[in-house]
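Below is model-v9.txt, which holds compact mmCIF, C-alpha atoms.
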```txt
# COMPACT_ATOMS: atom_id res chain seq x y z
CA MET C 1390 0.00 0.00 0.00
CA ARG C 1391 2.94 2.32 0.50
CA ASP C 1392 3.50 2.19 -3.28
CA ILE C 1393 0.03 3.65 -3.92
CA SER C 1394 -0.35 7.40 -4.25
CA TYR C 1395 -3.38 9.50 -5.06
CA GLY C 1396 -1.85 10.48 -8.39
CA SER C 1397 -1.13 6.92 -9.46
CA LEU C 1398 -4.64 5.88 -8.44
CA MET C 1399 -6.19 8.67 -10.54
CA ASP C 1400 -3.94 7.78 -13.47
CA SER C 1401 -5.08 4.17 -13.24
CA LEU C 1402 -8.74 5.21 -13.27
CA ALA C 1403 -8.19 7.63 -16.14
CA THR C 1404 -6.58 4.97 -18.33
CA THR C 1405 -9.50 2.53 -18.00
CA ARG C 1406 -10.93 2.15 -21.50
CA GLY C 1407 -14.54 3.05 -22.20
CA THR C 1408 -15.19 -0.38 -23.70
CA ILE C 1409 -14.10 -1.97 -20.42
CA ILE C 1410 -16.44 0.30 -18.46
CA ALA C 1411 -19.29 -0.54 -20.84
CA ALA C 1412 -18.63 -4.29 -20.50
CA ALA C 1413 -18.55 -3.99 -16.70
CA LEU C 1414 -21.85 -2.08 -16.73
CA ALA C 1415 -23.42 -4.76 -18.94
CA ALA C 1416 -22.16 -7.55 -16.65
CA THR C 1417 -23.59 -5.69 -13.65
CA ALA C 1418 -26.99 -5.48 -15.31
CA VAL C 1419 -26.91 -9.20 -16.14
CA SER C 1420 -25.93 -10.02 -12.54
CA PHE C 1421 -28.94 -8.17 -11.12
CA ILE C 1422 -31.24 -9.77 -13.72
CA VAL C 1423 -30.00 -13.24 -12.78
CA ALA C 1424 -30.45 -12.42 -9.08
CA LEU C 1425 -34.16 -11.78 -9.75
CA ALA C 1426 -34.62 -15.54 -9.93
CA ASN C 1427 -33.76 -15.85 -6.23
CA ASP C 1428 -36.79 -13.76 -5.27
CA PHE C 1429 -39.10 -15.77 -7.53
CA LEU C 1430 -37.71 -19.00 -6.03
CA ALA C 1431 -38.14 -17.56 -2.52
CA LEU C 1432 -41.78 -16.73 -3.27
CA ARG C 1433 -42.30 -20.31 -4.39
CA TYR C 1434 -40.63 -21.62 -1.22
CA ALA C 1435 -42.80 -19.36 0.97
CA ARG C 1436 -45.92 -20.25 -1.05
CA ALA C 1437 -46.55 -16.55 -1.54
CA TYR C 1438 -47.73 -14.46 -4.49
CA SER C 1439 -46.46 -11.07 -5.57
CA PRO C 1440 -47.02 -9.23 -8.87
CA ILE C 1441 -44.06 -9.46 -11.24
CA VAL C 1442 -43.30 -5.71 -11.08
CA SER C 1443 -43.36 -5.73 -7.27
CA THR C 1444 -41.08 -8.77 -7.21
CA MET C 1445 -38.61 -7.16 -9.61
CA LEU C 1446 -38.55 -3.96 -7.54
CA ALA C 1447 -38.13 -5.86 -4.27
CA SER C 1448 -35.30 -7.94 -5.70
CA PHE C 1449 -33.36 -5.11 -7.31
CA CYS C 1450 -33.80 -2.62 -4.47
CA GLY C 1451 -33.20 -5.28 -1.81
CA TYR C 1452 -29.94 -6.41 -3.35
CA ALA C 1453 -28.76 -2.89 -4.31
CA LEU C 1454 -29.35 -1.36 -0.88
CA GLY C 1455 -28.27 -4.48 0.99
CA ASN C 1456 -24.98 -4.68 -0.92
CA PHE C 1457 -24.22 -1.00 -0.40
CA ILE C 1458 -25.32 -0.54 3.21
CA GLY C 1459 -24.22 -3.90 4.63
CA PHE C 1460 -26.12 -5.89 7.26
CA THR C 1461 -27.75 -7.44 4.19
CA LEU C 1462 -30.25 -9.58 6.07
CA LEU C 1463 -31.61 -6.49 7.85
CA SER C 1464 -31.21 -3.76 5.22
CA GLY C 1465 -32.24 -5.84 2.22
CA GLY C 1466 -34.89 -7.54 4.34
CA ALA C 1467 -36.38 -4.19 5.37
CA VAL C 1468 -36.67 -3.12 1.74
CA ARG C 1469 -38.28 -6.41 0.77
CA TYR C 1470 -40.67 -6.17 3.73
CA ARG C 1471 -41.81 -2.71 2.63
CA LEU C 1472 -42.41 -3.71 -0.99
CA TYR C 1473 -43.78 -7.21 -0.47
CA ALA C 1474 -46.11 -6.03 2.33
CA ALA C 1475 -47.49 -3.40 -0.04
CA ALA C 1476 -48.14 -6.25 -2.51
CA GLY C 1477 -50.18 -8.09 0.11
CA VAL C 1478 -47.64 -10.68 1.29
CA SER C 1479 -47.92 -11.55 4.99
CA SER C 1480 -45.15 -10.82 7.49
CA VAL C 1481 -44.51 -14.52 8.13
CA LYS C 1482 -44.07 -15.24 4.44
CA ILE C 1483 -41.81 -12.20 3.98
CA ALA C 1484 -39.59 -13.54 6.77
CA ARG C 1485 -39.39 -16.89 4.96
CA ILE C 1486 -38.53 -15.10 1.71
CA THR C 1487 -35.76 -13.08 3.38
CA LEU C 1488 -34.23 -16.13 5.09
CA PHE C 1489 -34.37 -18.16 1.89
CA ILE C 1490 -32.50 -15.45 -0.02
CA ALA C 1491 -29.87 -15.14 2.72
CA ALA C 1492 -29.42 -18.91 2.75
CA ALA C 1493 -29.25 -18.92 -1.05
CA PHE C 1494 -26.21 -16.65 -1.01
CA GLY C 1495 -24.54 -18.60 1.79
CA ILE C 1496 -25.01 -21.99 0.13
CA GLY C 1497 -24.09 -20.66 -3.31
CA ALA C 1498 -20.97 -18.85 -2.09
CA VAL C 1499 -19.72 -21.82 -0.08
CA THR C 1500 -20.36 -24.20 -2.98
CA THR C 1501 -18.56 -21.86 -5.38
CA ILE C 1502 -15.54 -21.77 -3.06
CA GLY C 1503 -15.63 -25.56 -2.67
CA LEU C 1504 -15.77 -26.21 -6.41
CA GLY C 1505 -13.11 -23.60 -7.09
CA LEU C 1506 -10.73 -24.99 -4.47
CA ALA C 1507 -11.24 -28.50 -5.85
CA LEU C 1508 -10.25 -27.29 -9.33
CA ARG C 1509 -7.66 -24.60 -8.55
CA SER C 1510 -6.17 -25.42 -5.13
CA ARG C 1511 -2.55 -25.27 -6.34
CA GLU C 1512 -2.91 -21.89 -8.05
CA ILE C 1513 -4.66 -20.33 -5.06
CA ALA C 1514 -2.18 -21.82 -2.58
CA ASN C 1515 0.69 -20.34 -4.60
CA LEU C 1516 -0.89 -16.89 -4.39
CA TYR C 1517 -1.05 -17.04 -0.60
CA GLY C 1518 2.20 -18.95 -0.14
CA PHE C 1519 1.06 -22.07 1.69
CA PRO C 1520 0.60 -25.78 0.84
CA HIS C 1521 -2.35 -26.74 -1.34
CA GLN C 1522 -3.32 -29.89 0.62
CA PRO C 1523 -5.31 -27.99 3.31
CA LEU C 1524 -7.27 -26.23 0.57
CA ARG C 1525 -8.21 -29.56 -0.98
CA LEU C 1526 -9.33 -30.80 2.44
CA ILE C 1527 -11.50 -27.69 2.82
CA ALA C 1528 -12.95 -28.34 -0.64
CA VAL C 1529 -13.80 -31.94 0.32
CA LEU C 1530 -15.49 -30.82 3.55
CA ILE C 1531 -17.50 -28.11 1.78
CA LEU C 1532 -18.66 -30.39 -1.02
CA ALA C 1533 -19.48 -33.20 1.44
CA THR C 1534 -21.63 -30.82 3.50
CA THR C 1535 -23.38 -29.57 0.37
CA SER C 1536 -24.01 -33.16 -0.73
CA ALA C 1537 -25.47 -33.99 2.69
CA LEU C 1538 -27.86 -31.03 2.34
CA LEU C 1539 -28.96 -32.26 -1.08
CA VAL C 1540 -29.45 -35.80 0.22
CA GLY C 1541 -31.55 -34.46 3.10
CA CYS C 1542 -33.77 -32.61 0.64
CA ALA C 1543 -33.97 -35.63 -1.67
CA LEU C 1544 -35.05 -38.00 1.12
CA GLY C 1545 -38.14 -35.96 1.64
CA ARG C 1546 -37.60 -34.94 5.26
CA ARG C 1547 -39.06 -31.48 5.02
CA ASN C 1548 -38.66 -30.24 8.62
CA VAL C 1549 -35.41 -29.94 10.58
CA ARG C 1550 -35.56 -28.90 14.23
CA LEU C 1551 -32.74 -26.76 15.66
CA GLY C 1552 -33.68 -26.25 19.29
CA PRO C 1553 -36.89 -24.23 19.43
CA VAL C 1554 -36.71 -23.38 15.71
CA THR C 1555 -38.20 -25.62 13.01
CA ILE C 1556 -36.79 -25.13 9.51
CA GLU C 1557 -38.72 -26.37 6.51
CA LEU C 1558 -36.35 -27.72 3.88
CA PRO C 1559 -37.16 -26.85 0.28
CA SER C 1560 -37.53 -29.56 -2.34
CA LEU C 1561 -34.42 -30.96 -4.03
CA GLY C 1562 -35.36 -29.38 -7.34
CA LEU C 1563 -35.78 -25.94 -5.76
CA VAL C 1564 -32.40 -26.20 -4.01
CA LEU C 1565 -30.61 -27.27 -7.20
CA ILE C 1566 -32.12 -24.39 -9.16
CA GLN C 1567 -31.28 -21.96 -6.35
CA MET C 1568 -27.67 -23.15 -6.23
CA ALA C 1569 -27.33 -22.83 -10.01
CA VAL C 1570 -28.78 -19.31 -9.95
CA THR C 1571 -26.59 -18.12 -7.07
CA ILE C 1572 -23.39 -19.61 -8.48
CA THR C 1573 -24.15 -18.07 -11.88
CA ASP C 1574 -24.79 -14.69 -10.25
CA ILE C 1575 -21.52 -14.87 -8.30
CA VAL C 1576 -19.56 -15.79 -11.42
CA ILE C 1577 -21.10 -12.90 -13.37
CA ALA C 1578 -20.52 -10.46 -10.50
CA SER C 1579 -16.88 -11.54 -10.28
CA SER C 1580 -16.53 -10.91 -14.02
CA VAL C 1581 -17.31 -7.23 -13.38
CA LEU C 1582 -14.15 -6.89 -11.30
CA TRP C 1583 -12.23 -9.28 -13.58
CA LEU C 1584 -12.90 -6.98 -16.55
CA LEU C 1585 -11.63 -3.94 -14.63
CA MET C 1586 -8.53 -5.63 -13.20
CA PRO C 1587 -5.10 -5.36 -14.85
CA ARG C 1588 -3.93 -8.66 -16.30
CA SER C 1589 -2.19 -10.60 -13.55
CA GLY C 1590 -1.76 -14.16 -14.80
CA ILE C 1591 -4.54 -15.48 -12.52
CA ASP C 1592 -7.03 -17.52 -14.53
CA PHE C 1593 -10.72 -16.75 -14.21
CA ALA C 1594 -11.67 -19.87 -12.19
CA ALA C 1595 -9.09 -19.07 -9.49
CA PHE C 1596 -10.15 -15.41 -9.55
CA VAL C 1597 -13.79 -16.39 -8.91
CA VAL C 1598 -12.74 -18.30 -5.78
CA ILE C 1599 -10.66 -15.37 -4.49
CA TYR C 1600 -13.49 -12.95 -5.25
CA THR C 1601 -16.13 -15.13 -3.55
CA ALA C 1602 -13.99 -15.61 -0.43
CA ALA C 1603 -13.29 -11.86 -0.23
CA LEU C 1604 -16.97 -11.06 -0.76
CA SER C 1605 -18.00 -13.52 1.96
CA LEU C 1606 -15.49 -11.99 4.40
CA GLY C 1607 -16.90 -8.57 3.60
CA PHE C 1608 -20.47 -9.71 4.29
CA LEU C 1609 -19.47 -11.42 7.53
CA SER C 1610 -17.68 -8.25 8.71
CA HIS C 1611 -20.99 -6.33 8.49
CA ALA C 1612 -19.03 -3.28 7.33
CA PRO C 1613 -21.07 -1.17 4.89
CA GLY C 1614 -20.78 -3.14 1.65
CA GLY C 1615 -17.88 -5.03 3.19
CA ILE C 1616 -15.76 -1.97 2.37
CA GLY C 1617 -12.15 -2.26 3.44
CA VAL C 1618 -12.36 -5.97 4.21
CA PHE C 1619 -13.14 -6.95 0.61
CA GLU C 1620 -10.48 -4.63 -0.79
CA ALA C 1621 -7.82 -5.86 1.64
CA ALA C 1622 -8.53 -9.50 0.75
CA MET C 1623 -8.35 -8.79 -2.99
CA LEU C 1624 -5.20 -6.67 -2.71
CA TYR C 1625 -3.47 -9.34 -0.63
CA ALA C 1626 -4.09 -11.96 -3.31
CA VAL C 1627 -3.65 -9.96 -6.51
CA ALA C 1628 -1.44 -6.93 -5.81
CA THR C 1629 1.76 -9.02 -5.82
CA LEU C 1630 1.15 -9.88 -9.49
CA SER C 1631 0.01 -6.46 -10.73
CA PRO C 1632 0.76 -2.81 -9.88
CA PRO C 1633 -1.05 -2.11 -6.58
CA SER C 1634 -2.33 1.26 -7.85
CA ALA C 1635 -3.91 -0.46 -10.88
CA VAL C 1636 -5.54 -3.09 -8.66
CA LEU C 1637 -6.89 -0.44 -6.27
CA GLY C 1638 -8.11 1.61 -9.23
CA ALA C 1639 -10.03 -1.43 -10.47
CA LEU C 1640 -11.55 -1.92 -7.01
CA VAL C 1641 -12.64 1.73 -6.86
CA ALA C 1642 -14.23 1.46 -10.33
CA TYR C 1643 -15.90 -1.80 -9.29
CA ARG C 1644 -17.34 -0.13 -6.19
CA ALA C 1645 -18.76 2.69 -8.31
CA ILE C 1646 -20.26 0.38 -10.96
CA TYR C 1647 -21.51 -2.58 -8.94
CA PHE C 1648 -22.39 -0.89 -5.64
CA LEU C 1649 -22.83 2.89 -5.94
CA LEU C 1650 -24.71 3.02 -9.26
CA PRO C 1651 -27.35 0.35 -8.37
CA PHE C 1652 -27.72 1.90 -4.89
CA THR C 1653 -28.40 5.33 -6.43
CA ILE C 1654 -30.97 3.91 -8.86
CA ALA C 1655 -32.66 1.90 -6.09
CA ALA C 1656 -32.77 4.91 -3.75
CA LEU C 1657 -34.41 7.03 -6.46
CA LEU C 1658 -36.93 4.26 -7.22
CA LEU C 1659 -37.86 3.87 -3.55
CA ALA C 1660 -38.14 7.65 -3.13
CA ALA C 1661 -40.46 7.81 -6.15
CA ILE C 1662 -42.59 4.94 -4.79
CA GLU C 1663 -42.92 6.58 -1.36
CA LEU C 1664 -43.70 9.98 -2.91
CA ARG C 1665 -46.40 8.39 -5.02
CA ARG C 1666 -47.93 6.78 -1.93
CA LEU C 1667 -47.95 10.09 -0.07
CA GLN C 1668 -49.71 11.79 -2.97
CA ARG C 1669 -52.55 9.26 -3.00
CA PRO C 1670 -55.76 10.67 -1.48
CA PRO C 1671 -56.61 9.06 1.87
CA ARG C 1672 -59.25 6.38 1.81
CA THR C 1673 -62.56 7.53 3.24
CA ALA C 1674 -64.88 5.29 5.18
CA PRO C 1675 -68.18 4.43 3.42
CA ALA C 1676 -71.03 6.70 4.38
CA SER C 1677 -73.44 5.42 7.03
CA ASN C 1678 -77.08 4.86 6.05
CA GLY C 1679 -78.31 5.39 9.59
CA ASP C 1680 -80.97 8.04 10.36
```

Represent the structure of the file as structure tokens.
Amino acid sequence: MRDISYGSLMDSLATTRGTIIAAALAATAVSFIVALANDFLALRYARAYSPIVSTMLASFCGYALGNFIGFTLLSGGAVRYRLYAAAGVSSVKIARITLFIAAAFGIGAVTTIGLGLALRSREIANLYGFPHQPLRLIAVLILATTSALLVGCALGRRNVRLGPVTIELPSLGLVLIQMAVTITDIVIASSVLWLLMPRSGIDFAAFVVIYTAALSLGFLSHAPGGIGVFEAAMLYAVATLSPPSAVLGALVAYRAIYFLLPFTIAALLLAAIELRRLQRPPRTAPASNGD
């Protein structure tokens, strides 16, 4: 970090080609479109109905604000509660939707890391300077746990009791679709940063694992958008192979494209929705026919 100056960072941002920015914007749009499927799957899991437009708004605004603010379960959940409640979904079902979406990211992220470590353990170990055998063991444990979850869903045991809490397992088909959607979304989201990064010699599969691990650390830190934690994890892995100022410049551009821009759009959409509600005339009670 001592090699990074404000001037070198600005130079790195200024030299980013417009075609790269356009490709990163397109990948961001595709990522949010793919993420819509998680809300539709969550509605199916909760056995709830919401109009398509309301679902699209809840998904986009929930993810955009949750990613930017942090505390995703609470911030994204609050946005979804506001929009789904207005669509007539009950509080209990909204809670199920929110938990399903949070679990979807957790399962998808862990599975992505497990698959990536199984395929690229040597390359990732070389980046961090330690033996690759522990990474393969972690991959085996992750994939074994994921397989156990799938078996549990396949066997038809729908309820799992954890102390006073009873969790209803989704069907195997729903879990498989959810995992495919989440992994696809993570891969596309990582491609946004991959496009902005200077070439470092890290292949895309290894980069996806590094990105997913850094993103998970950022979410677990509960810092707003994982800021600082995510960047530190990415710099530690990549900055030894590329100029640190170029890597940090890519991270700043990624923050602006994938976090700040969707957050701004979502905030404007929510403000417009609330303003429209305030402008609606209050409902009047029907007139009494009494004498």

Open item on the list: Ranking C:Gln1668, C:Ser1464, C:Ser1560, C:Thr1501 by minimum distance to Phe1596 in chain C and counting only C-alpha atoms, which one comes first?
Closed with: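 Among the listed residues, C:Thr1501 lies closest to Phe1596 in chain C.
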
Open item on the list: Would you pick out the contacts of Ala1507 in chain C at 10 Å or less, using only C-alpha atoms, so that residues sharing its chain but fewer than 5 positions from it are not included, and give the list as a VMD selection string?
Closed with: chain C and resid 1501 to 1502 1524 to 1529 1531 to 1532

Open item on the list: Could you check which residues have any atom within 9 Å of (-23.9, -4.1, 2.7), counting all atoms listed in the file with coordinates taken straight from the file, and then list them as a PyMOL selection string?
Closed with: chain C and resi 1452-1461+1464-1465+1607-1608+1611-1616

Open item on the list: Report, in Å to a single decimal, how far apart CA of Arg1485 in chain C and CA of Leu1561 in chain C are.
Closed with: 17.4 Å

Task: Counting only C-alpha atoms, the residue of C:Leu1432, C:Val1627, C:Leu1506, C:Leu1414 that sits nearest Leu1649 in chain C - done: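 The answer is C:Leu1414, which sits nearest to Leu1649 in chain C.
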
TODO: Considering all atoms listed in the file, return as a list in words whatever protein or nucleic-acid residues lie within 12 Å of Ala1628 in chain C, sequence-local ones (same chain, fewer than 4 positions apart) excluded.
DONE: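 Residues meeting the cut-off are Met1390, Asp1392, Ile1393, Leu1516, Tyr1517, Met1586, Pro1587, Arg1588, Ser1589, Gly1590, Ile1591, Glu1620, Ala1621, Ala1622, Met1623, Leu1624, Pro1632, Pro1633, Ser1634, Ala1635, Val1636, Leu1637, Gly1638, Ala1639 and Leu1640 of chain C.
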
Task: Separation of CA of Thr1573 in chain C from CA of Gly1497 in chain C, in Å and rounded to one decimal - done: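 Those two atoms sit 9.0 Å apart.
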
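Taking CA of Ile1646 in chain C and CA of Ile1575 in chain C as the two end points, the separation is 15.5 Å.
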
- [ ] Determine, counting all atoms listed in the file, which protein, DNA and RNA residues have an atom within 9 Å of an atom of Leu1659 in chain C; residues of the same chain fewer than 6 positions away are not included. Present the result as a PyMOL selection string.
- [x] chain C and resi 1446+1450+1468

Open item on the list: Taking all atoms listed in the file into account, name the residue in C:Pro1520, C:Arg1669, C:Ala1543, C:Phe1421 that is nearest to Ala1578 in chain C.
Closed with: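 Of C:Pro1520, C:Arg1669, C:Ala1543, C:Phe1421, the one nearest Ala1578 in chain C is C:Phe1421, counting all atoms listed in the file.
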
Open item on the list: Which residue is closest to Thr1535 in chain C? Choose from C:Leu1563, C:Ser1420, C:Gly1503, C:Arg1511 and count only C-alpha atoms.
Closed with: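 For Thr1535 in chain C, the nearest of the given residues is C:Gly1503.
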
TODO: Could you check which of C:Tyr1470, C:Ala1595, C:Phe1494, C:Ile1483 is closest to Ala1514 in chain C, using only C-alpha atoms?
DONE: C:Ala1595

Open item on the list: Applying 7 Å and only C-alpha atoms, which residues near range 1434-1442 of chain C remain after dropping the ones on its own chain fewer than 4 positions away? List them as a PyMOL selection string.
Closed with: chain C and resi 1430+1446+1473+1476+1478+1482+1485-1486+1559

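For Ala1413 in chain C, the residues within 10 Å (counting only C-alpha atoms, excluding itself and residues fewer than 6 positions away along the chain) are Gly1407, Val1419, Ile1577, Ala1578, Ser1580, Val1581, Leu1582, Trp1583, Leu1584, Leu1585, Ala1642, Tyr1643, Ile1646 and Tyr1647 of chain C.
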
Open item on the list: When you count all atoms listed in the file, which of these residues is closest to Arg1433 in chain C: C:Ile1490, C:Ala1645, C:Ser1536, C:Gly1495?
Closed with: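 Selected residue with least distance to Arg1433 in chain C: C:Ile1490.
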
Taking the block just given, write range 1503-1538 of chain C to a file that holds C-alpha atoms, as a PDB file, in the first residue's frame.
```pdb
ATOM      1  CA  GLY C1503     -15.625 -25.560  -2.666  1.00  0.00           C
ATOM      2  CA  LEU C1504     -15.766 -26.213  -6.413  1.00  0.00           C
ATOM      3  CA  GLY C1505     -13.109 -23.602  -7.093  1.00  0.00           C
ATOM      4  CA  LEU C1506     -10.734 -24.991  -4.470  1.00  0.00           C
ATOM      5  CA  ALA C1507     -11.238 -28.500  -5.854  1.00  0.00           C
ATOM      6  CA  LEU C1508     -10.255 -27.290  -9.330  1.00  0.00           C
ATOM      7  CA  ARG C1509      -7.657 -24.602  -8.551  1.00  0.00           C
ATOM      8  CA  SER C1510      -6.169 -25.417  -5.127  1.00  0.00           C
ATOM      9  CA  ARG C1511      -2.548 -25.268  -6.345  1.00  0.00           C
ATOM     10  CA  GLU C1512      -2.910 -21.891  -8.051  1.00  0.00           C
ATOM     11  CA  ILE C1513      -4.663 -20.326  -5.056  1.00  0.00           C
ATOM     12  CA  ALA C1514      -2.182 -21.822  -2.583  1.00  0.00           C
ATOM     13  CA  ASN C1515       0.687 -20.341  -4.600  1.00  0.00           C
ATOM     14  CA  LEU C1516      -0.887 -16.892  -4.387  1.00  0.00           C
ATOM     15  CA  TYR C1517      -1.053 -17.039  -0.599  1.00  0.00           C
ATOM     16  CA  GLY C1518       2.203 -18.946  -0.135  1.00  0.00           C
ATOM     17  CA  PHE C1519       1.062 -22.067   1.687  1.00  0.00           C
ATOM     18  CA  PRO C1520       0.596 -25.784   0.841  1.00  0.00           C
ATOM     19  CA  HIS C1521      -2.354 -26.738  -1.338  1.00  0.00           C
ATOM     20  CA  GLN C1522      -3.319 -29.888   0.624  1.00  0.00           C
ATOM     21  CA  PRO C1523      -5.307 -27.986   3.309  1.00  0.00           C
ATOM     22  CA  LEU C1524      -7.270 -26.230   0.567  1.00  0.00           C
ATOM     23  CA  ARG C1525      -8.210 -29.561  -0.975  1.00  0.00           C
ATOM     24  CA  LEU C1526      -9.335 -30.804   2.436  1.00  0.00           C
ATOM     25  CA  ILE C1527     -11.496 -27.694   2.825  1.00  0.00           C
ATOM     26  CA  ALA C1528     -12.954 -28.337  -0.638  1.00  0.00           C
ATOM     27  CA  VAL C1529     -13.804 -31.936   0.316  1.00  0.00           C
ATOM     28  CA  LEU C1530     -15.494 -30.816   3.554  1.00  0.00           C
ATOM     29  CA  ILE C1531     -17.502 -28.115   1.783  1.00  0.00           C
ATOM     30  CA  LEU C1532     -18.662 -30.392  -1.019  1.00  0.00           C
ATOM     31  CA  ALA C1533     -19.479 -33.203   1.440  1.00  0.00           C
ATOM     32  CA  THR C1534     -21.631 -30.818   3.497  1.00  0.00           C
ATOM     33  CA  THR C1535     -23.382 -29.573   0.368  1.00  0.00           C
ATOM     34  CA  SER C1536     -24.006 -33.163  -0.726  1.00  0.00           C
ATOM     35  CA  ALA C1537     -25.465 -33.987   2.694  1.00  0.00           C
ATOM     36  CA  LEU C1538     -27.864 -31.033   2.338  1.00  0.00           C
TER      37      LEU C1538
END
```
